[in-house]
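Source file work39.tsv; content: TSV, C-alpha atoms and all ligand atoms.
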chain	number	residue	atom	x	y	z
A	13	MET	CA	-29.56	-144.69	161.81
A	14	LEU	CA	-29.04	-143.64	158.22
A	15	TYR	CA	-27.12	-145.46	155.50
A	16	LYS	CA	-25.41	-143.34	152.87
A	17	THR	CA	-22.72	-144.33	150.36
A	18	GLY	CA	-21.13	-146.96	152.51
A	19	VAL	CA	-21.23	-145.05	155.80
A	20	TYR	CA	-23.65	-145.32	158.67
A	21	TYR	CA	-24.47	-142.00	160.32
A	22	GLU	CA	-25.96	-141.78	163.78
A	23	MET	CA	-27.89	-138.61	163.06
A	24	LYS	CA	-28.28	-135.93	160.43
A	25	ILE	CA	-28.32	-132.20	161.12
A	26	LEU	CA	-29.31	-129.48	158.66
A	27	VAL	CA	-27.57	-126.10	158.97
A	28	ILE	CA	-29.54	-123.22	157.45
A	29	ASN	CA	-28.03	-119.78	156.89
A	30	GLY	CA	-30.17	-116.84	155.85
A	31	PRO	CA	-29.76	-113.78	153.67
A	32	ASN	CA	-26.34	-112.31	152.89
A	33	MET	CA	-24.52	-115.01	154.83
A	34	GLN	CA	-22.69	-115.87	151.58
A	35	LEU	CA	-20.73	-112.65	152.28
A	36	LEU	CA	-19.20	-114.08	155.42
A	37	GLY	CA	-15.46	-113.43	155.51
A	38	GLN	CA	-15.70	-110.84	152.72
A	39	ARG	CA	-17.51	-107.94	154.42
A	40	GLU	CA	-17.67	-106.44	157.93
A	41	PRO	CA	-14.98	-108.71	159.46
A	42	ASP	CA	-15.02	-106.54	162.59
A	43	ILE	CA	-18.55	-107.78	163.32
A	44	TYR	CA	-18.71	-111.18	161.66
A	45	GLY	CA	-15.08	-112.34	161.58
A	46	SER	CA	-12.85	-113.23	158.66
A	47	LYS	CA	-13.81	-116.87	158.14
A	48	SER	CA	-16.13	-117.87	155.29
A	49	LEU	CA	-19.20	-120.12	155.12
A	50	ALA	CA	-16.94	-122.72	153.47
A	51	ASP	CA	-14.67	-122.58	156.54
A	52	LEU	CA	-17.72	-123.13	158.75
A	53	GLU	CA	-18.78	-126.12	156.67
A	54	THR	CA	-15.30	-127.68	156.79
A	55	ARG	CA	-15.14	-127.31	160.56
A	56	LEU	CA	-18.64	-128.65	161.20
A	57	VAL	CA	-18.16	-131.60	158.85
A	58	LYS	CA	-14.98	-132.48	160.77
A	59	ILE	CA	-16.61	-132.45	164.22
A	60	ALA	CA	-19.71	-134.19	162.88
A	61	LYS	CA	-17.62	-136.99	161.35
A	62	GLU	CA	-15.92	-137.56	164.70
A	63	ALA	CA	-19.39	-138.11	166.20
A	64	ASP	CA	-20.61	-140.20	163.22
A	65	TYR	CA	-23.06	-137.44	162.39
A	66	GLU	CA	-23.89	-136.09	158.98
A	67	VAL	CA	-24.28	-132.33	158.49
A	68	ILE	CA	-25.82	-130.75	155.42
A	69	PHE	CA	-25.87	-127.06	154.57
A	70	PHE	CA	-28.30	-124.67	152.96
A	71	GLN	CA	-27.94	-120.91	152.47
A	72	SER	CA	-30.57	-118.74	150.89
A	73	ASN	CA	-31.43	-115.10	150.44
A	74	HIS	CA	-35.10	-116.02	149.98
A	75	GLU	CA	-37.57	-116.36	152.83
A	76	GLY	CA	-39.81	-118.91	151.06
A	77	ASP	CA	-36.88	-121.19	150.29
A	78	ILE	CA	-35.95	-121.22	153.97
A	79	VAL	CA	-39.57	-122.01	154.88
A	80	ASP	CA	-39.55	-124.88	152.34
A	81	HIS	CA	-36.32	-126.33	153.73
A	82	LEU	CA	-37.64	-126.19	157.29
A	83	GLY	CA	-40.75	-128.05	156.12
A	84	MET	CA	-38.63	-130.74	154.43
A	85	ALA	CA	-36.39	-131.00	157.50
A	86	ASP	CA	-39.24	-132.47	159.51
A	87	LYS	CA	-39.11	-135.75	157.57
A	88	THR	CA	-35.46	-135.85	156.52
A	89	VAL	CA	-33.18	-134.76	159.40
A	90	ASP	CA	-32.93	-135.17	163.16
A	91	ALA	CA	-32.27	-131.52	164.03
A	92	VAL	CA	-31.73	-128.07	162.56
A	93	ILE	CA	-29.24	-125.29	163.30
A	94	ILE	CA	-30.44	-122.00	161.85
A	95	ASN	CA	-29.04	-118.52	161.53
A	96	PRO	CA	-32.01	-116.73	159.97
A	97	ALA	CA	-29.81	-113.57	159.67
A	98	ALA	CA	-31.96	-110.47	159.05
A	99	TYR	CA	-35.13	-112.61	158.89
A	100	THR	CA	-34.63	-113.25	162.61
A	101	HIS	CA	-36.09	-109.82	163.27
A	102	THR	CA	-38.86	-109.81	160.66
A	103	SER	CA	-40.09	-113.20	159.55
A	104	VAL	CA	-43.35	-114.53	160.95
A	105	ALA	CA	-43.23	-117.10	158.11
A	106	ILE	CA	-39.93	-118.60	159.32
A	107	ARG	CA	-41.13	-118.52	162.92
A	108	ASP	CA	-44.31	-120.39	161.93
A	109	ALA	CA	-42.28	-122.93	159.90
A	110	ILE	CA	-40.02	-123.65	162.89
A	111	LYS	CA	-43.02	-123.97	165.19
A	112	ALA	CA	-44.71	-126.38	162.76
A	113	ILE	CA	-41.92	-128.98	162.73
A	114	ASN	CA	-41.16	-131.61	165.32
A	115	VAL	CA	-37.37	-131.72	165.14
A	116	PRO	CA	-35.33	-129.55	167.55
A	117	VAL	CA	-34.09	-126.24	166.15
A	118	VAL	CA	-31.27	-124.14	167.63
A	119	GLU	CA	-30.84	-120.51	166.57
A	120	VAL	CA	-27.32	-119.15	166.15
A	121	HIS	CA	-26.01	-115.62	165.61
A	122	LEU	CA	-22.39	-114.74	165.04
A	123	SER	CA	-22.72	-111.37	166.72
A	124	ASN	CA	-24.23	-110.54	170.10
A	125	ILE	CA	-27.52	-109.17	168.81
A	126	ALA	CA	-28.39	-107.87	172.30
A	127	GLU	CA	-25.55	-105.34	172.17
A	128	ARG	CA	-26.31	-104.10	168.67
A	129	GLU	CA	-28.99	-101.80	167.22
A	130	GLU	CA	-32.41	-101.86	168.90
A	131	PHE	CA	-34.06	-103.54	165.90
A	132	ARG	CA	-31.78	-106.57	166.31
A	133	HIS	CA	-32.78	-107.09	169.94
A	134	THR	CA	-36.00	-108.85	169.00
A	135	SER	CA	-35.88	-112.34	167.57
A	136	LEU	CA	-39.22	-113.55	166.24
A	137	THR	CA	-37.72	-117.00	165.79
A	138	ALA	CA	-35.90	-117.66	169.10
A	139	PRO	CA	-39.09	-118.23	171.16
A	140	VAL	CA	-40.01	-121.23	168.97
A	141	CYS	CA	-36.48	-122.69	169.02
A	142	MET	CA	-34.98	-125.00	171.61
A	143	GLY	CA	-32.47	-122.26	172.38
A	144	GLN	CA	-30.43	-119.41	171.02
A	145	ILE	CA	-26.64	-118.96	170.96
A	146	CYS	CA	-25.20	-115.60	169.99
A	147	GLY	CA	-22.04	-113.56	170.23
A	148	PHE	CA	-19.43	-116.31	169.82
A	149	GLY	CA	-18.81	-116.10	166.08
A	150	LEU	CA	-18.53	-119.37	164.17
A	151	ILE	CA	-17.93	-121.31	167.41
A	152	GLY	CA	-21.63	-120.72	168.10
A	153	TYR	CA	-22.51	-123.30	165.43
A	154	GLU	CA	-20.23	-125.82	167.12
A	155	MET	CA	-21.92	-125.05	170.46
A	156	ALA	CA	-25.31	-125.61	168.82
A	157	PHE	CA	-24.09	-128.89	167.30
A	158	ASN	CA	-22.87	-130.11	170.71
A	159	ALA	CA	-26.11	-129.07	172.41
A	160	LEU	CA	-28.17	-130.95	169.81
A	161	LYS	CA	-25.91	-134.00	169.96
A	162	ASP	CA	-26.35	-134.10	173.72
A	163	PHE	CA	-30.12	-133.70	173.37
A	164	LEU	CA	-30.44	-136.38	170.67
A	165	THR	CA	-28.24	-138.79	172.61
A	166	ASN	CA	-30.29	-138.45	175.77
A	167	LYS	CA	-33.70	-138.37	174.09
A	201	LIG	O1	-24.99	-112.04	163.96
A	201	LIG	C1	-25.60	-112.73	163.15
A	201	LIG	O2	-25.30	-113.89	162.87
A	201	LIG	C2	-26.76	-112.10	162.35
A	201	LIG	O3	-27.74	-113.11	162.16
A	201	LIG	C3	-26.19	-111.67	161.03
A	201	LIG	C4	-27.20	-110.94	160.14
A	201	LIG	C5	-27.86	-109.81	160.91
A	201	LIG	O4	-28.86	-109.22	160.12
A	201	LIG	C6	-28.46	-110.29	162.21
A	201	LIG	O5	-29.00	-109.18	162.91
A	201	LIG	C7	-27.40	-110.94	163.09
A	201	LIG	C8	-26.53	-110.41	158.89
A	201	LIG	C9	-25.78	-111.53	158.19
A	201	LIG	C10	-25.49	-111.27	156.81
A	201	LIG	O6	-24.70	-110.12	156.57
A	201	LIG	C11	-23.34	-110.25	156.47
A	201	LIG	C12	-22.70	-109.14	156.01
A	201	LIG	C13	-21.33	-109.19	155.91
A	201	LIG	C14	-20.63	-110.31	156.25
A	201	LIG	C15	-21.28	-111.42	156.72
A	201	LIG	C16	-22.65	-111.38	156.82
Mind turning this structure into structure tokens?
Amino acid sequence: MLYKTGVYYEMKILVINGPNMQLLGQREPDIYGSKSLADLETRLVKIAKEADYEVIFFQSNHEGDIVDHLGMADKTVDAVIINPAAYTHTSVAIRDAIKAINVPVVEVHLSNIAEREEFRHTSLTAPVCMGQICGFGLIGYEMAFNALKDFLTNK
């Protein structure tokens, strides 16, 4: 249990979003929807509060920064939700960073990567995650949150 500014939180979850995710809601709404990252944060904070969980958010366009945050997550949070975005398909460094930590990690994609271009069919990161959720838009993050809450509760 964690004490922060007068509130006790049961657990703390870090949500990492990879490159170009800051464009959410501004570009390609047909694929990624019209809601923004800020909308995602508002929604997740609300459901987390109801469960006495804390959620913190990090978005970066830089592979090394994501690797650093995964490394820090090991000692500072109870679980990670990650959408590595394009790095899903390319980054051995992010895969290794996920594999190296002991907290559960769930991978989320807004789109159904299996029905898109061939190069998006491979996730280098999913095999080292607890699971992958894709194709449900922003609700996927909520699904990941609920899955992790269930896992952490029954651990
Ligand atoms: O479907 C997903 O969540 C993806 O991780 C999104 C990535 C893409 O490279 C992956 O294959 C699947 C791209 C996210 C960033 O690009 C955006 C562009 C416009 C609007 C929102 C995001």
Inset, instruction - Please check which protein, DNA or RNA residues sit within 8 Å of ligand LIG 201 (chain A), counting all atoms listed in the file, and write them as number ranges by chain. - result: A: 30-41, 43-45, 95-101, 120-125, 132, 146-147, 149
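Between atom CA of A:Thr88 and atom CA of A:Ala138 the separation is 22.1 Å.
Atom CA of A:Asp51 sits 27.8 Å away from atom CA of A:Lys87.
Atom CA of A:Glu119 is found 5.0 Å from atom CA of A:Ile94.
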If I wrap all listed atoms of stretch 133-147 of chain A in a box with edges along x, y and z and add 6 Å on each side, what are its centre and edge lengths in Å to one decimal, as JSON?
{"center_x": -31.0, "center_y": -116.0, "center_z": 169.1, "size_x": 30.0, "size_y": 29.9, "size_z": 18.6}
Legend entry - Sel. within 12 Å of pt (-21.1, -122.9, 171.1), counting only C-alpha atoms, output as a PyMOL selection string: chain A and resi 56+93+118-122+143-160
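Considering the residues A:Arg128, A:Leu136, A:Asn29, A:Leu164 and counting only C-alpha atoms, A:Ser72 has its shortest atom-to-atom contact with A:Asn29.
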Have stretch 111-122 of chain A completed to all heavy atoms, please, and pass it along as a CSV table (one decimal), in the frame of the given file.
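The new file result-v9.csv reads:
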chain,number,residue,atom,x,y,z
A,111,LYS,N,-42.0,-123.5,164.2
A,111,LYS,CA,-43.0,-124.0,165.2
A,111,LYS,C,-43.8,-125.2,164.7
A,111,LYS,O,-44.2,-126.1,165.5
A,111,LYS,CB,-44.0,-122.8,165.5
A,111,LYS,CG,-44.9,-123.1,166.7
A,111,LYS,CD,-45.5,-121.8,167.2
A,111,LYS,CE,-46.1,-122.0,168.6
A,111,LYS,NZ,-47.5,-122.6,168.4
A,112,ALA,N,-43.9,-125.3,163.4
A,112,ALA,CA,-44.7,-126.4,162.8
A,112,ALA,C,-44.0,-127.7,162.7
A,112,ALA,O,-44.6,-128.7,162.4
A,112,ALA,CB,-45.2,-126.0,161.4
A,113,ILE,N,-42.6,-127.7,162.9
A,113,ILE,CA,-41.9,-129.0,162.7
A,113,ILE,C,-41.6,-129.6,164.1
A,113,ILE,O,-41.6,-128.9,165.1
A,113,ILE,CB,-40.6,-128.8,161.9
A,113,ILE,CG1,-39.6,-127.9,162.5
A,113,ILE,CG2,-41.0,-128.4,160.5
A,113,ILE,CD1,-38.3,-127.7,161.7
A,114,ASN,N,-41.3,-130.9,164.1
A,114,ASN,CA,-41.2,-131.6,165.3
A,114,ASN,C,-39.7,-131.8,165.7
A,114,ASN,O,-39.4,-132.4,166.8
A,114,ASN,CB,-41.9,-132.9,165.3
A,114,ASN,CG,-43.4,-132.7,165.3
A,114,ASN,OD1,-43.9,-132.0,166.1
A,114,ASN,ND2,-44.1,-133.3,164.3
A,115,VAL,N,-38.8,-131.5,164.8
A,115,VAL,CA,-37.4,-131.7,165.1
A,115,VAL,C,-36.8,-130.5,165.9
A,115,VAL,O,-37.3,-129.4,165.7
A,115,VAL,CB,-36.5,-132.0,163.9
A,115,VAL,CG1,-36.9,-133.3,163.2
A,115,VAL,CG2,-36.6,-130.9,162.9
A,116,PRO,N,-35.9,-130.7,166.8
A,116,PRO,CA,-35.3,-129.6,167.6
A,116,PRO,C,-34.6,-128.6,166.7
A,116,PRO,O,-33.8,-129.0,165.7
A,116,PRO,CB,-34.4,-130.2,168.6
A,116,PRO,CG,-34.1,-131.5,168.0
A,116,PRO,CD,-35.2,-132.0,167.2
A,117,VAL,N,-34.7,-127.3,166.9
A,117,VAL,CA,-34.1,-126.2,166.2
A,117,VAL,C,-33.3,-125.3,167.1
A,117,VAL,O,-33.9,-124.9,168.1
A,117,VAL,CB,-35.1,-125.4,165.4
A,117,VAL,CG1,-34.4,-124.3,164.5
A,117,VAL,CG2,-36.0,-126.3,164.4
A,118,VAL,N,-32.1,-125.1,166.8
A,118,VAL,CA,-31.3,-124.1,167.6
A,118,VAL,C,-30.9,-122.9,166.8
A,118,VAL,O,-30.4,-123.1,165.6
A,118,VAL,CB,-30.0,-124.8,168.2
A,118,VAL,CG1,-29.1,-123.8,168.9
A,118,VAL,CG2,-30.4,-125.9,169.2
A,119,GLU,N,-31.2,-121.7,167.3
A,119,GLU,CA,-30.8,-120.5,166.6
A,119,GLU,C,-29.4,-120.0,166.9
A,119,GLU,O,-29.1,-120.0,168.1
A,119,GLU,CB,-31.9,-119.4,166.9
A,119,GLU,CG,-31.6,-118.1,166.3
A,119,GLU,CD,-32.8,-117.1,166.5
A,119,GLU,OE1,-34.0,-117.6,166.3
A,119,GLU,OE2,-32.6,-116.0,166.8
A,120,VAL,N,-28.7,-119.6,165.9
A,120,VAL,CA,-27.3,-119.2,166.2
A,120,VAL,C,-27.2,-117.8,165.5
A,120,VAL,O,-27.7,-117.5,164.4
A,120,VAL,CB,-26.3,-120.1,165.5
A,120,VAL,CG1,-24.9,-119.5,165.6
A,120,VAL,CG2,-26.3,-121.5,166.2
A,121,HIS,N,-26.5,-116.9,166.2
A,121,HIS,CA,-26.0,-115.6,165.6
A,121,HIS,C,-24.5,-115.4,165.9
A,121,HIS,O,-24.1,-115.7,167.0
A,121,HIS,CB,-26.8,-114.4,166.2
A,121,HIS,CG,-28.2,-114.5,165.9
A,121,HIS,ND1,-28.7,-114.3,164.6
A,121,HIS,CD2,-29.3,-114.9,166.6
A,121,HIS,CE1,-30.0,-114.5,164.6
A,121,HIS,NE2,-30.4,-114.9,165.8
A,122,LEU,N,-23.8,-115.0,164.9
A,122,LEU,CA,-22.4,-114.7,165.0
A,122,LEU,C,-22.2,-113.6,166.0
A,122,LEU,O,-21.3,-113.7,166.9
A,122,LEU,CB,-21.8,-114.3,163.7
A,122,LEU,CG,-21.9,-115.4,162.6
A,122,LEU,CD1,-21.7,-114.7,161.2
A,122,LEU,CD2,-20.9,-116.5,162.8
